$ cat target_11.csv   # CSV, C-alpha atoms
chain,number,residue,atom,x,y,z
A,251,MET,CA,0.0,0.0,0.0
A,252,LEU,CA,2.8,2.4,0.9
A,253,SER,CA,4.6,1.7,-2.4
A,254,HIS,CA,1.4,2.1,-4.3
A,255,GLY,CA,0.7,5.4,-2.6
A,256,MET,CA,4.2,6.7,-3.0
A,257,LYS,CA,4.2,5.9,-6.7
A,258,GLN,CA,1.0,8.0,-7.0
A,259,THR,CA,2.5,11.0,-5.2
A,260,GLY,CA,5.7,10.9,-7.1
A,261,SER,CA,9.2,11.5,-5.9
A,262,ILE,CA,9.9,13.7,-2.9
A,263,SER,CA,13.0,15.9,-2.7
A,264,LEU,CA,14.6,17.6,0.3
A,265,ASN,CA,13.9,21.0,-1.4
A,266,HIS,CA,10.1,20.3,-1.4
A,267,LEU,CA,9.3,19.0,2.0
A,268,GLN,CA,5.7,20.0,1.7
A,269,GLY,CA,5.6,16.9,-0.7
A,270,VAL,CA,5.9,14.8,2.5
A,271,ILE,CA,2.6,16.3,3.8
A,272,PHE,CA,0.8,15.5,0.5
A,273,ALA,CA,2.2,12.0,0.7
A,274,VAL,CA,0.8,11.4,4.2
A,275,LEU,CA,-2.6,12.7,3.0
A,276,ASN,CA,-2.7,10.2,0.2
A,277,PRO,CA,-5.2,7.6,1.4
A,278,TRP,CA,-3.0,4.6,0.4
A,279,VAL,CA,-0.1,6.0,2.3
A,280,ALA,CA,-2.2,6.8,5.3
A,281,VAL,CA,-3.8,3.4,5.4
A,282,GLY,CA,-0.3,1.8,4.9
A,283,ILE,CA,1.1,3.8,7.9
A,284,LEU,CA,-2.0,2.9,10.1
A,285,LEU,CA,-1.5,-0.8,9.3
A,286,LEU,CA,2.3,-0.5,10.1
A,287,LEU,CA,1.3,1.1,13.4
A,288,ALA,CA,-1.2,-1.8,14.0
A,289,PHE,CA,1.6,-4.3,13.2
A,290,PHE,CA,3.9,-2.6,15.6
A,291,ALA,CA,1.3,-2.5,18.4
A,292,THR,CA,0.4,-6.2,18.1
A,293,TYR,CA,4.1,-7.1,17.8
A,294,MET,CA,4.8,-5.3,21.1
A,295,THR,CA,1.9,-7.0,22.7
A,296,ALA,CA,3.1,-10.4,21.6
A,297,LEU,CA,6.6,-9.5,23.0
A,298,SER,CA,5.1,-8.7,26.3
A,299,TRP,CA,4.1,-12.3,26.9
A,300,ALA,CA,6.3,-14.4,24.6
A,301,ASP,CA,10.0,-14.8,23.9
A,302,LEU,CA,11.7,-12.9,21.1
A,303,THR,CA,12.9,-16.1,19.6
A,304,TYR,CA,9.3,-17.3,19.5
A,305,VAL,CA,7.6,-14.1,18.2
A,306,LEU,CA,10.2,-13.4,15.4
A,307,PRO,CA,9.8,-16.7,13.4
A,308,ALA,CA,6.1,-16.4,13.8
A,309,THR,CA,6.0,-12.9,12.3
A,310,SER,CA,7.9,-14.3,9.3
A,311,LEU,CA,4.6,-15.9,8.3
A,312,GLY,CA,4.0,-12.4,6.8
A,313,TYR,CA,6.5,-13.2,4.1
A,314,VAL,CA,4.5,-16.3,3.2
A,315,LEU,CA,1.2,-14.4,3.2
A,316,LEU,CA,2.8,-11.7,1.0
A,317,ALA,CA,3.9,-14.4,-1.5
A,318,LEU,CA,0.4,-16.0,-1.5
A,319,VAL,CA,-1.3,-12.6,-2.1
A,320,ALA,CA,1.1,-11.9,-4.9
A,321,ARG,CA,0.3,-15.3,-6.5
A,322,PHE,CA,-3.5,-15.5,-6.0
A,323,MET,CA,-4.6,-11.8,-6.0
A,324,LEU,CA,-2.0,-10.1,-8.1
A,325,HIS,CA,-1.4,-13.1,-10.3
A,326,GLU,CA,2.3,-12.8,-10.2
A,327,HIS,CA,4.5,-15.7,-11.0
A,328,VAL,CA,6.0,-17.4,-8.0
A,329,SER,CA,9.1,-19.5,-8.9
A,330,PRO,CA,9.7,-23.0,-7.5
A,331,LEU,CA,12.6,-21.6,-5.5
A,332,ARG,CA,10.2,-19.2,-3.7
A,333,TRP,CA,7.7,-22.1,-3.1
A,334,LEU,CA,10.6,-23.8,-1.4
A,335,GLY,CA,11.3,-20.7,0.7
A,336,ILE,CA,7.6,-20.7,1.7
A,337,ALA,CA,7.8,-24.3,2.7
A,338,LEU,CA,11.0,-23.7,4.8
A,339,ILE,CA,9.4,-20.7,6.6
A,340,THR,CA,6.2,-22.6,7.3
A,341,GLY,CA,8.2,-25.6,8.6
A,342,GLY,CA,10.3,-23.3,10.8
A,343,VAL,CA,7.2,-21.7,12.3
A,344,GLY,CA,5.7,-25.1,12.9
A,345,PHE,CA,8.8,-26.2,14.7
A,346,VAL,CA,8.9,-23.2,17.1
A,347,ALA,CA,5.1,-23.2,17.6
A,348,GLY,CA,5.3,-26.8,19.0
A,349,GLY,CA,7.5,-25.6,21.9
A,350,PRO,CA,6.9,-23.4,24.9
A,351,GLU,CA,6.3,-19.7,24.1
A,352,VAL,CA,8.1,-18.2,27.0
A,353,THR,CA,11.2,-18.9,29.1
A,354,LYS,CA,10.0,-19.2,32.7
A,355,HIS,CA,11.5,-16.7,35.0
A,356,PRO,CA,11.1,-16.7,38.8
A,357,HIS,CA,8.8,-13.7,39.0
A,358,GLY,CA,8.8,-12.5,35.4
A,359,ALA,CA,6.0,-11.8,33.0
A,360,ALA,CA,5.2,-15.4,32.4
A,361,PRO,CA,1.8,-16.4,33.9
A,362,GLY,CA,2.3,-19.3,36.3
A,363,GLY,CA,6.1,-19.0,36.0
A,364,GLU,CA,7.9,-21.8,37.9
A,365,PRO,CA,10.7,-20.8,40.2
A,366,CYS,CA,13.3,-22.9,38.4
A,367,ALA,CA,15.4,-21.1,35.9
A,368,VAL,CA,18.3,-18.9,36.8
A,369,THR,CA,17.9,-15.6,35.3
A,370,ALA,CA,17.1,-12.2,34.3
A,371,SER,CA,14.5,-10.6,36.4
A,372,PRO,CA,16.9,-8.9,38.9
A,373,LEU,CA,19.0,-7.8,35.9
A,374,LEU,CA,15.9,-6.4,34.2
A,375,ALA,CA,14.9,-4.5,37.2
A,376,LYS,CA,18.4,-3.1,37.5
A,377,ASP,CA,18.4,-2.0,33.9
A,378,ALA,CA,15.1,-0.2,34.4
A,379,ARG,CA,16.6,1.8,37.2
A,380,ASN,CA,19.8,2.7,35.4
A,381,GLY,CA,18.3,3.1,32.0
A,382,ALA,CA,21.4,1.2,30.8
A,383,PRO,CA,20.4,-1.6,28.5
A,384,GLY,CA,22.5,-4.7,28.1
A,385,VAL,CA,24.7,-4.2,31.0
A,386,GLU,CA,25.8,-7.3,32.7
A,387,VAL,CA,26.7,-7.3,36.4
B,185,MET,CA,34.9,-1.5,-3.3
B,186,LYS,CA,31.2,-1.1,-3.7
B,187,ALA,CA,30.8,-4.7,-2.4
B,188,ILE,CA,32.6,-3.7,0.8
B,189,TYR,CA,30.3,-0.7,1.3
B,190,THR,CA,27.2,-2.8,0.6
B,191,TRP,CA,28.2,-5.5,3.1
B,192,SER,CA,29.2,-3.0,5.7
B,193,ALA,CA,25.8,-1.4,5.3
B,194,ILE,CA,24.1,-4.9,5.5
B,195,LEU,CA,26.1,-5.6,8.7
B,196,ALA,CA,25.0,-2.2,10.1
B,197,ILE,CA,21.3,-3.1,9.4
B,198,VAL,CA,21.7,-6.5,11.0
B,199,PHE,CA,23.4,-5.1,14.1
B,200,ALA,CA,21.0,-2.2,14.5
B,201,SER,CA,17.9,-4.3,14.1
B,202,VAL,CA,19.1,-7.0,16.4
B,203,VAL,CA,19.9,-4.4,19.1
B,204,GLY,CA,16.5,-2.8,18.4
B,205,ASP,CA,14.6,-6.1,18.7
B,206,VAL,CA,16.4,-7.1,21.9
B,207,LEU,CA,15.7,-3.7,23.5
B,208,LEU,CA,12.1,-3.8,22.5
B,209,ALA,CA,11.6,-7.3,23.8
B,210,ARG,CA,13.3,-6.3,27.1
B,211,ALA,CA,11.1,-3.2,27.3
B,212,MET,CA,7.9,-5.2,26.8
B,213,LYS,CA,9.0,-7.7,29.4
B,214,GLN,CA,9.4,-4.8,31.8
B,215,VAL,CA,6.0,-3.4,30.9
B,216,GLY,CA,4.5,-6.8,31.6
B,217,ASP,CA,1.5,-8.7,30.1
B,218,VAL,CA,-0.2,-6.0,28.0
B,219,GLY,CA,-3.6,-7.8,28.1
B,220,ALA,CA,-3.6,-8.1,31.8
B,221,LEU,CA,-2.4,-4.5,32.4
B,222,TRP,CA,-5.0,-3.2,30.0
B,223,ARG,CA,-7.8,-4.9,31.9
B,224,ARG,CA,-6.4,-3.8,35.2
B,225,ALA,CA,-5.4,-0.2,34.5
B,226,GLY,CA,-6.7,0.8,31.1
B,227,LEU,CA,-5.1,1.4,27.7
B,228,GLY,CA,-3.7,4.8,28.7
B,229,VAL,CA,-1.5,3.2,31.3
B,230,VAL,CA,-0.3,0.6,28.8
B,231,ILE,CA,0.7,3.2,26.3
B,232,GLY,CA,2.2,5.6,28.9
B,233,ARG,CA,4.3,2.8,30.5
B,234,THR,CA,5.5,1.6,27.1
B,235,LEU,CA,6.4,5.0,25.7
B,236,GLY,CA,8.1,6.0,29.0
B,237,ASN,CA,10.3,2.9,29.0
B,238,THR,CA,14.0,3.8,28.4
B,239,ASN,CA,14.6,0.5,26.6
B,240,PHE,CA,11.7,1.1,24.3
B,241,LEU,CA,13.0,4.5,23.3
B,242,PHE,CA,16.5,3.2,22.6
B,243,GLY,CA,15.0,0.2,20.8
B,244,VAL,CA,12.9,2.5,18.5
B,245,THR,CA,16.0,4.6,17.9
B,246,ALA,CA,18.0,1.5,16.9
B,247,MET,CA,15.2,0.5,14.5
B,248,ALA,CA,15.4,3.9,12.9
B,249,VAL,CA,19.2,3.5,12.5
B,250,ALA,CA,18.5,0.1,10.9
B,251,PHE,CA,16.0,1.7,8.5
B,252,PHE,CA,18.5,4.4,7.4
B,253,SER,CA,21.2,1.8,7.0
B,254,LEU,CA,18.9,-0.1,4.7
B,255,LEU,CA,18.5,3.1,2.6
B,256,PHE,CA,22.3,3.4,2.4
B,257,ALA,CA,22.7,-0.3,1.6
B,258,LEU,CA,20.1,0.0,-1.2
B,259,SER,CA,21.9,3.0,-2.7
B,260,TRP,CA,25.1,0.9,-3.0
B,261,GLY,CA,23.8,-2.6,-3.7
B,262,ASP,CA,21.0,-4.5,-5.4
B,263,VAL,CA,17.8,-5.0,-3.5
B,264,SER,CA,18.0,-8.7,-4.4
B,265,LEU,CA,21.2,-9.0,-2.4
B,266,VAL,CA,20.5,-6.5,0.4
B,267,ALA,CA,16.9,-7.6,1.4
B,268,PRO,CA,17.5,-11.4,1.8
B,269,ALA,CA,21.0,-11.0,3.3
B,270,ALA,CA,19.8,-8.5,5.9
B,271,ALA,CA,16.6,-10.3,6.8
B,272,SER,CA,18.1,-13.8,7.2
B,273,LEU,CA,21.2,-12.7,9.1
B,274,THR,CA,18.9,-10.7,11.4
B,275,PHE,CA,17.0,-14.0,12.3
B,276,ILE,CA,20.3,-15.7,13.2
B,277,GLY,CA,21.7,-12.7,15.0
B,278,ASN,CA,18.5,-12.4,17.1
B,279,ALA,CA,18.6,-16.0,18.2
B,280,VAL,CA,22.2,-15.5,19.5
B,281,ALA,CA,21.4,-12.1,21.1
B,282,ALA,CA,18.2,-13.3,22.7
B,283,ARG,CA,20.1,-16.2,24.3
B,284,ILE,CA,22.9,-13.9,25.6
B,285,PHE,CA,21.1,-10.7,26.6
B,286,LEU,CA,17.5,-11.8,27.3
B,287,HIS,CA,18.5,-15.2,28.8
B,288,GLU,CA,15.9,-16.9,26.6
B,289,LYS,CA,16.2,-20.7,26.5
B,290,VAL,CA,17.1,-21.1,22.8
B,291,ASP,CA,16.9,-24.9,22.5
B,292,ARG,CA,17.6,-27.0,19.5
B,293,ARG,CA,14.0,-26.6,18.3
B,294,ARG,CA,14.4,-22.8,18.2
B,295,TRP,CA,17.8,-23.0,16.5
B,296,ILE,CA,16.3,-25.2,13.8
B,297,ALA,CA,13.3,-22.9,13.4
B,298,ALA,CA,15.5,-19.8,13.2
B,299,SER,CA,17.7,-21.5,10.5
B,300,LEU,CA,14.8,-22.7,8.5
B,301,VAL,CA,13.1,-19.3,8.6
B,302,ALA,CA,16.4,-17.6,7.7
B,303,ALA,CA,16.9,-19.9,4.7
B,304,GLY,CA,13.3,-19.5,3.6
B,305,VAL,CA,13.4,-15.7,3.8
B,306,ALA,CA,16.6,-15.7,1.8
B,307,LEU,CA,14.9,-17.8,-0.9
B,308,LEU,CA,11.7,-15.7,-0.9
B,309,ALA,CA,13.4,-12.3,-0.9
B,310,GLY,CA,16.2,-13.2,-3.3

$ encode --input "target_11.csv" --output "structure tokens"
Amino acid sequence: MLSHGMKQTGSISLNHLQGVIFAVLNPWVAVGILLLLAFFATYMTALSWADLTYVLPATSLGYVLLALVARFMLHEHVSPLRWLGIALITGGVGFVAGGPEVTKHPHGAAPGGEPCAVTASPLLAKDARNGAPGVEV
Amino acid sequence: MKAIYTWSAILAIVFASVVGDVLLARAMKQVGDVGALWRRAGLGVVIGRTLGNTNFLFGVTAMAVAFFSLLFALSWGDVSLVAPAAASLTFIGNAVAARIFLHEKVDRRRWIAASLVAAGVALLAG
């Protein structure tokens, strides 16, 4: 949608920044931006209760969906190599979906978390106070 | 020479988006279960707590850096190289980073999944 809209508005140059405003007012671009925001919000929600290594492969189903839309709605040609790519992604997502969605932390975000694993909660809390991400103690 | 520029830009994309993803994931773990928080305190609190989180702000900044690196990479290299290389390396990088920095339990199942998806994305985007 974004690319469709941007092709309608034409190219934008740094000298004509008002072009950006027209671009945002274009309905295709506006809907595209809204959908991107919706994606971001749902992605963040998923991250709030599942692991990154669980959410990320799952979101890659978007690539598969895109290819299917291109094939069946836009009637584009999808090569055998791309079908293989679709199969690999689907297989990978199936693999990760069969496992647990979150690493259990002692008193982390996981509902019903078991007090078994060694880990990150104290670190996370410390980071929140310092505002220093990724610092190991 | 152009190949070096392109690959440096691809590595910059991968690095920035891995950093971004890890920070965003950490931020959302700090915010807590969004659904539960929404029911308990309302949407405003969810949004406020997310936007006020330092990790979230750094994460979004890293994502913006990744986006601009992508623009640089595309100005030097072909989209058929840049898109699949950056996307699939990001999956592998994220699995490593999630294990180290988020202490996620990346078992064999998840390694296989990350590799399969990375290979699939490389084929699809190529």

$ closest_atom_pairs --input "target_11.csv" --of "chain B" --to "chain A" --cutoff "8 Å" --atoms "all atoms listed in the file" --output "tab-separated table"
residue	atom	partner	partner_atom	distance
B:Asp205	CA	A:Leu302	CA	7.8
B:Val206	CA	A:Leu302	CA	7.5
B:Leu207	CA	A:Pro383	CA	7.2
B:Leu208	CA	A:Met294	CA	7.6
B:Ala209	CA	A:Leu297	CA	5.5
B:Arg210	CA	A:Leu374	CA	7.6
B:Met212	CA	A:Ser298	CA	4.5
B:Lys213	CA	A:Ser298	CA	5.1
B:Gln214	CA	A:Leu374	CA	7.1
B:Val215	CA	A:Ser298	CA	7.1
B:Gly216	CA	A:Ala359	CA	5.4
B:Asp217	CA	A:Ser298	CA	5.2
B:Val218	CA	A:Thr295	CA	5.8
B:Gly219	CA	A:Thr295	CA	7.7
B:Asn237	CA	A:Ala378	CA	7.9
B:Thr238	CA	A:Gly381	CA	5.7
B:Asn239	CA	A:Pro383	CA	6.5
B:Phe275	CA	A:Leu306	CA	7.5
B:Asn278	CA	A:Thr303	CA	7.2
B:Ala279	CA	A:Thr303	CA	5.9
B:Ala282	CA	A:Leu302	CA	6.7
B:Phe285	CA	A:Gly384	CA	6.3
B:Leu286	CA	A:Ala370	CA	7.0
B:His287	CA	A:Ala370	CA	6.4
B:Glu288	CA	A:Thr353	CA	5.7
B:Lys289	CA	A:Thr353	CA	5.9
B:Val290	CA	A:Thr303	CA	7.3
B:Arg293	CA	A:Val346	CA	6.2
B:Arg294	CA	A:Val346	CA	5.6
B:Ile296	CA	A:Gly342	CA	7.0
B:Ala297	CA	A:Gly342	CA	4.0
B:Ala298	CA	A:Pro307	CA	6.5
B:Ser299	CA	A:Gly342	CA	7.6
B:Leu300	CA	A:Gly342	CA	5.1
B:Val301	CA	A:Ile339	CA	4.4
B:Ala302	CA	A:Ile339	CA	7.7
B:Ala303	CA	A:Gly335	CA	6.9
B:Gly304	CA	A:Gly335	CA	3.7
B:Val305	CA	A:Gly335	CA	6.2
B:Ala306	CA	A:Gly335	CA	7.4
B:Leu307	CA	A:Gly335	CA	4.9
B:Leu308	CA	A:Arg332	CA	4.7

$ atom_distance --input "target_11.csv" --atom1 "CA of Asp262 in chain B" --atom2 "CA of Thr245 in chain B"
25.5 Å

$ closest_residue --input "target_11.csv" --among "B:Met185, B:Ile276, B:Ala200, B:Ala211" --to "Leu241 in chain B" --atoms "all atoms listed in the file"
B:Ala211

$ atom_distance --input "target_11.csv" --atom1 "CA of Arg292 in chain B" --atom2 "CA of Ala271 in chain B"
21.0 Å

$ atom_distance --input "target_11.csv" --atom1 "CA of Gly261 in chain B" --atom2 "CA of Gly282 in chain A"
26.0 Å

$ closest_residue --input "target_11.csv" --among "B:Leu265, B:Ile231, B:Leu221, B:Val249" --to "Thr190 in chain B" --atoms "all atoms listed in the file"
B:Leu265
